[in-house]
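The structure file final_34.pdb is reproduced below (PDB, C-alpha atoms, pLDDT in the B column).
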ATOM      1  CA  GLN G   1      12.778 -15.708  -1.931  1.00 85.00           C
ATOM      2  CA  VAL G   2      10.822 -12.469  -1.832  1.00 90.00           C
ATOM      3  CA  ARG G   3       8.330 -12.000   0.942  1.00 95.00           C
ATOM      4  CA  LEU G   4       6.055  -9.082   1.821  1.00 97.00           C
ATOM      5  CA  VAL G   5       4.162  -9.220   5.104  1.00 97.00           C
ATOM      6  CA  GLU G   6       1.431  -6.731   5.927  1.00 98.00           C
ATOM      7  CA  SER G   7       0.208  -5.907   9.401  1.00 98.00           C
ATOM      8  CA  GLY G   8      -1.899  -3.339  11.201  1.00 98.00           C
ATOM      9  CA  GLY G   9      -5.344  -4.026   9.839  1.00 98.00           C
ATOM     10  CA  GLY G  10      -8.398  -4.211  12.043  1.00 98.00           C
ATOM     11  CA  LEU G  11     -11.872  -2.974  12.855  1.00 98.00           C
ATOM     12  CA  VAL G  12     -12.235   0.760  13.363  1.00 98.00           C
ATOM     13  CA  ARG G  13     -14.996   3.355  13.394  1.00 98.00           C
ATOM     14  CA  ALA G  14     -15.588   5.922  10.690  1.00 98.00           C
ATOM     15  CA  GLY G  15     -13.348   8.896  11.263  1.00 98.00           C
ATOM     16  CA  ASP G  16     -10.647   6.888  13.009  1.00 98.00           C
ATOM     17  CA  SER G  17      -7.057   6.421  11.894  1.00 98.00           C
ATOM     18  CA  LEU G  18      -5.079   3.275  11.223  1.00 98.00           C
ATOM     19  CA  LYS G  19      -1.503   2.630  10.135  1.00 98.00           C
ATOM     20  CA  LEU G  20      -0.588  -0.364   8.037  1.00 98.00           C
ATOM     21  CA  SER G  21       2.923  -1.735   7.724  1.00 98.00           C
ATOM     22  CA  CYS G  22       4.544  -3.952   5.142  1.00 98.00           C
ATOM     23  CA  THR G  23       7.927  -5.489   5.802  1.00 97.00           C
ATOM     24  CA  ALA G  24       9.932  -6.944   2.950  1.00 96.00           C
ATOM     25  CA  SER G  25      12.614  -9.578   2.776  1.00 92.00           C
ATOM     26  CA  GLY G  26      14.540 -11.162  -0.059  1.00 83.00           C
ATOM     27  CA  ILE G  27      14.602  -8.120  -2.352  1.00 77.00           C
ATOM     28  CA  PHE G  28      16.729  -5.049  -2.675  1.00 83.00           C
ATOM     29  CA  PHE G  29      14.118  -2.968  -0.913  1.00 89.00           C
ATOM     30  CA  GLY G  30      16.080   0.232  -1.121  1.00 89.00           C
ATOM     31  CA  ASN G  31      15.867   0.176  -4.908  1.00 92.00           C
ATOM     32  CA  ALA G  32      12.238  -0.891  -5.215  1.00 94.00           C
ATOM     33  CA  ARG G  33       9.148   1.209  -5.608  1.00 97.00           C
ATOM     34  CA  MET G  34       6.371   0.058  -3.313  1.00 97.00           C
ATOM     35  CA  ALA G  35       2.612   0.429  -3.390  1.00 98.00           C
ATOM     36  CA  TRP G  36      -0.619  -0.326  -1.642  1.00 98.00           C
ATOM     37  CA  PHE G  37      -3.691  -1.727  -3.353  1.00 98.00           C
ATOM     38  CA  ARG G  38      -7.022  -2.681  -1.900  1.00 98.00           C
ATOM     39  CA  GLN G  39      -9.871  -4.978  -2.778  1.00 98.00           C
ATOM     40  CA  ALA G  40     -13.337  -4.509  -1.369  1.00 96.00           C
ATOM     41  CA  PRO G  41     -15.715  -7.479  -1.162  1.00 91.00           C
ATOM     42  CA  GLY G  42     -17.043  -8.330  -4.599  1.00 94.00           C
ATOM     43  CA  LYS G  43     -14.955  -5.680  -6.326  1.00 97.00           C
ATOM     44  CA  ASP G  44     -11.758  -5.521  -8.317  1.00 97.00           C
ATOM     45  CA  ARG G  45      -8.427  -4.690  -6.753  1.00 97.00           C
ATOM     46  CA  LYS G  46      -7.692  -0.968  -6.911  1.00 98.00           C
ATOM     47  CA  PHE G  47      -4.632   1.205  -6.596  1.00 98.00           C
ATOM     48  CA  VAL G  48      -4.338   3.175  -3.355  1.00 98.00           C
ATOM     49  CA  GLY G  49      -0.911   4.756  -3.499  1.00 98.00           C
ATOM     50  CA  ALA G  50       2.742   4.264  -4.352  1.00 98.00           C
ATOM     51  CA  ILE G  51       6.137   5.526  -3.257  1.00 98.00           C
ATOM     52  CA  ASN G  52       9.417   5.601  -5.143  1.00 98.00           C
ATOM     53  CA  TRP G  53      12.639   3.988  -3.986  1.00 96.00           C
ATOM     54  CA  SER G  54      13.825   6.941  -1.919  1.00 96.00           C
ATOM     55  CA  GLY G  55      10.508   8.044  -0.508  1.00 96.00           C
ATOM     56  CA  GLY G  56      10.827  11.359  -2.268  1.00 97.00           C
ATOM     57  CA  SER G  57       7.854  10.869  -4.564  1.00 97.00           C
ATOM     58  CA  THR G  58       4.387   9.520  -3.949  1.00 98.00           C
ATOM     59  CA  LEU G  59       1.193   8.929  -5.905  1.00 97.00           C
ATOM     60  CA  TYR G  60      -2.334   8.494  -4.601  1.00 98.00           C
ATOM     61  CA  ALA G  61      -5.720   7.489  -5.870  1.00 98.00           C
ATOM     62  CA  ASP G  62      -8.153  10.400  -5.891  1.00 98.00           C
ATOM     63  CA  SER G  63     -10.369   8.589  -3.388  1.00 97.00           C
ATOM     64  CA  VAL G  64      -7.689   8.690  -0.680  1.00 98.00           C
ATOM     65  CA  LYS G  65      -5.773  11.836  -1.544  1.00 98.00           C
ATOM     66  CA  GLY G  66      -5.478  14.100   1.486  1.00 97.00           C
ATOM     67  CA  ARG G  67      -6.470  11.317   3.893  1.00 98.00           C
ATOM     68  CA  PHE G  68      -3.844   8.618   3.332  1.00 98.00           C
ATOM     69  CA  ALA G  69      -0.071   8.927   3.340  1.00 98.00           C
ATOM     70  CA  ILE G  70       2.605   6.461   2.279  1.00 98.00           C
ATOM     71  CA  SER G  71       6.068   6.482   3.768  1.00 98.00           C
ATOM     72  CA  ARG G  72       8.987   4.089   3.949  1.00 98.00           C
ATOM     73  CA  ASP G  73      11.969   3.257   6.104  1.00 97.00           C
ATOM     74  CA  ASN G  74      14.586   1.612   3.914  1.00 96.00           C
ATOM     75  CA  ALA G  75      16.735   0.648   6.891  1.00 95.00           C
ATOM     76  CA  LYS G  76      13.808  -1.363   8.253  1.00 96.00           C
ATOM     77  CA  MET G  77      12.718  -2.539   4.790  1.00 96.00           C
ATOM     78  CA  THR G  78       9.239  -1.386   5.657  1.00 97.00           C
ATOM     79  CA  VAL G  79       6.607   0.688   3.902  1.00 98.00           C
ATOM     80  CA  TYR G  80       3.702   2.265   5.749  1.00 98.00           C
ATOM     81  CA  LEU G  81       0.212   3.434   4.920  1.00 98.00           C
ATOM     82  CA  GLN G  82      -1.168   5.999   7.343  1.00 98.00           C
ATOM     83  CA  MET G  83      -4.926   6.184   6.935  1.00 98.00           C
ATOM     84  CA  ASN G  84      -6.806   9.070   8.486  1.00 98.00           C
ATOM     85  CA  GLY G  85     -10.461  10.003   8.345  1.00 98.00           C
ATOM     86  CA  LEU G  86     -11.461   6.470   7.487  1.00 98.00           C
ATOM     87  CA  GLU G  87     -14.776   6.000   5.738  1.00 97.00           C
ATOM     88  CA  ASN G  88     -17.031   2.990   5.289  1.00 97.00           C
ATOM     89  CA  GLU G  89     -15.905   2.885   1.648  1.00 97.00           C
ATOM     90  CA  ASP G  90     -12.336   2.214   2.797  1.00 98.00           C
ATOM     91  CA  THR G  91     -13.346  -1.241   4.006  1.00 98.00           C
ATOM     92  CA  ALA G  92     -11.227  -3.723   2.048  1.00 98.00           C
ATOM     93  CA  ASP G  93      -8.334  -6.115   2.100  1.00 98.00           C
ATOM     94  CA  TYR G  94      -5.166  -4.056   1.719  1.00 98.00           C
ATOM     95  CA  TYR G  95      -2.217  -5.463  -0.194  1.00 98.00           C
ATOM     96  CA  CYS G  96       1.376  -4.356  -0.264  1.00 98.00           C
ATOM     97  CA  ALA G  97       3.178  -4.634  -3.597  1.00 98.00           C
ATOM     98  CA  GLY G  98       6.804  -4.264  -4.625  1.00 96.00           C
ATOM     99  CA  SER G  99       8.395  -3.607  -7.982  1.00 96.00           C
ATOM    100  CA  ARG G 100      11.862  -4.147  -9.390  1.00 94.00           C
ATOM    101  CA  LYS G 101      11.536  -0.650 -10.812  1.00 95.00           C
ATOM    102  CA  PRO G 102      12.671   2.214  -8.563  1.00 96.00           C
ATOM    103  CA  SER G 103      10.660   5.122  -9.903  1.00 96.00           C
ATOM    104  CA  LEU G 104       7.007   6.061 -10.330  1.00 97.00           C
ATOM    105  CA  ASP G 105       6.382   5.703 -14.028  1.00 93.00           C
ATOM    106  CA  SER G 106       3.188   5.179 -15.972  1.00 90.00           C
ATOM    107  CA  ASP G 107       2.545   1.635 -14.755  1.00 95.00           C
ATOM    108  CA  ALA G 108       2.909   2.529 -11.076  1.00 96.00           C
ATOM    109  CA  TYR G 109      -0.884   2.833 -10.864  1.00 95.00           C
ATOM    110  CA  SER G 110      -1.503  -0.678 -12.128  1.00 95.00           C
ATOM    111  CA  GLY G 111      -1.024  -4.100 -10.653  1.00 94.00           C
ATOM    112  CA  ILE G 112       0.976  -5.102 -13.701  1.00 95.00           C
ATOM    113  CA  GLY G 113       3.644  -2.690 -12.549  1.00 94.00           C
ATOM    114  CA  TYR G 114       4.499  -4.823  -9.530  1.00 97.00           C
ATOM    115  CA  ASP G 115       6.355  -8.077  -9.189  1.00 95.00           C
ATOM    116  CA  TYR G 116       5.750  -9.049  -5.589  1.00 96.00           C
ATOM    117  CA  TRP G 117       2.632  -9.127  -3.440  1.00 97.00           C
ATOM    118  CA  GLY G 118       1.803  -9.657   0.186  1.00 97.00           C
ATOM    119  CA  GLN G 119      -1.038 -11.766   1.531  1.00 97.00           C
ATOM    120  CA  GLY G 120      -3.105  -8.771   2.586  1.00 98.00           C
ATOM    121  CA  THR G 121      -4.490  -7.340   5.788  1.00 98.00           C
ATOM    122  CA  GLN G 122      -8.151  -6.652   6.386  1.00 98.00           C
ATOM    123  CA  VAL G 123      -9.468  -3.204   7.245  1.00 98.00           C
ATOM    124  CA  THR G 124     -13.088  -2.842   8.284  1.00 98.00           C
ATOM    125  CA  VAL G 125     -14.615   0.565   8.920  1.00 98.00           C
ATOM    126  CA  SER G 126     -17.906   0.650  10.762  1.00 97.00           C
ATOM    127  CA  SER G 127     -20.367   3.530  11.031  1.00 88.00           C
TER     128      SER G 127
END

If you took the structure in this file and wrote it as structure tokens, what would it be?
Amino acid sequence: QVRLVESGGGLVRAGDSLKLSCTASGIFFGNARMAWFRQAPGKDRKFVGAINWSGGSTLYADSVKGRFAISRDNAKMTVYLQMNGLENEDTADYYCAGSRKPSLDSDAYSGIGYDYWGQGTQVTVSS
């Protein structure tokens, strides 16, 4: 049974940093591309960023490029999202997603490109 568990969310001030973690079990993590999505209140879920199986390639949404960074530790079966310079607009529930595909192809930006999802962790950025 595949399980993704996010942690690290919380309430922070604008300009602060926060690091989210997502630990996987039940899948061959080392061969899976991973991603983060987020969903703000009343809005659709949106792509944040993705990382390929080795950690050698990453993709980011324009809204977070230069502020957020994805990394992974395959030995720990964990993917991270380092968020710096947080803004009010970053307030959302953040979801970890895993794919049976290893690389970052055209559907890496979309939810349909992922097979497994975590329950989410809430990030609230206050002014």

>> Neighbouring residues of Ile112 in chain G were defined as those with any atom within 12 Å, considering only C-alpha atoms; residues of the same chain fewer than 3 positions away were excluded. Please report them as a list in words.
In response: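 In the requested form, the answer reads Ala35, Phe37, Arg45, Lys46, Phe47, Ala97, Gly98, Ser99, Arg100, Lys101, Ser106, Asp107, Ala108, Tyr109, Asp115, Tyr116 and Trp117 of chain G.
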
> On this structure, which residues satisfy the PyMOL selection byres ((chain G and resi 93) around 12), written as a PyMOL selection string?
Replying inline: chain G and resi 6-11+20+36-48+89-92+94-96+118-125

So for range 105-114 of chain G, what box centre and size do we get, axis-aligned, 5 Å extra on each of the six sides, every listed atom, Å to one decimal, as JSON?
{"center_x": 2.4, "center_y": 0.3, "center_z": -12.8, "size_x": 17.9, "size_y": 20.8, "size_z": 16.4}

> Written as an NGL selection string, what is the full residue list that the PyMOL selection byres ((chain G and resi 56) around 12) yields on the file shown?
Replying inline: :G and (33 or 50-55 or 57-59 or 70-73 or 102-104)

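Pairwise distance (CA of Gln82 in chain G, CA of Tyr60 in chain G) equals 12.3 Å.
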
>> Would you compute the distance between CA of Ala24 in chain G and CA of Asn74 in chain G? Give it in Å to one decimal.
In response: 9.8 Å

>> As a check of understanding, name the residues that the PyMOL selection byres ((chain G and resi 127) around 8) selects in the supplied structure, as a VMD selection string.
In response: chain G and resid 13 to 14 88 125 to 126

Selection file, C-alpha atoms, as an mmCIF file, in the coordinates of the input:
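Output file selection.cif is given in full below:
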data_model
loop_
_atom_site.group_PDB
_atom_site.id
_atom_site.type_symbol
_atom_site.label_atom_id
_atom_site.label_comp_id
_atom_site.auth_asym_id
_atom_site.auth_seq_id
_atom_site.Cartn_x
_atom_site.Cartn_y
_atom_site.Cartn_z
ATOM 1 C CA ARG G 13 -14.996 3.355 13.394
ATOM 2 C CA ALA G 14 -15.588 5.922 10.690
ATOM 3 C CA ASN G 88 -17.031 2.990 5.289
ATOM 4 C CA VAL G 125 -14.615 0.565 8.920
ATOM 5 C CA SER G 126 -17.906 0.650 10.762
#

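With only C-alpha atoms as the atoms that count, the minimum distance from Met83 in chain G to the choices G:Val5, G:Leu18, G:Met34, G:Ala61 is reached by G:Leu18.
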
> Between CA of Val2 in chain G and CA of Phe28 in chain G, what is the spacing in Å?
Replying inline: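 Separating CA of Phe28 in chain G from CA of Val2 in chain G is a distance of 9.5 Å.
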
>> Ranking G:Arg3, G:Phe29, G:Gly66, G:Gly49 by minimum distance to Ser110 in chain G and counting only C-alpha atoms, which one comes first?
In response: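 With only C-alpha atoms as the atom set, the closest residue is G:Gly49.
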
>> If we count only C-alpha atoms and set the cut-off at 7 Å, which residues sit around Ser17 in chain G, ignoring sequence neighbours fewer than 5 positions away in its own chain? Please answer as a ChimeraX atom specification.
In response: /G:83-86

Selected residues written out, C-alpha atoms, as a PDB file, keeping the file's coordinate frame:
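For reference, out_10.pdb as written:
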ATOM      1  CA  MET G  83      -4.926   6.184   6.935  1.00 98.00           C
ATOM      2  CA  ASN G  84      -6.806   9.070   8.486  1.00 98.00           C
ATOM      3  CA  GLY G  85     -10.461  10.003   8.345  1.00 98.00           C
ATOM      4  CA  LEU G  86     -11.461   6.470   7.487  1.00 98.00           C
TER       5      LEU G  86
END
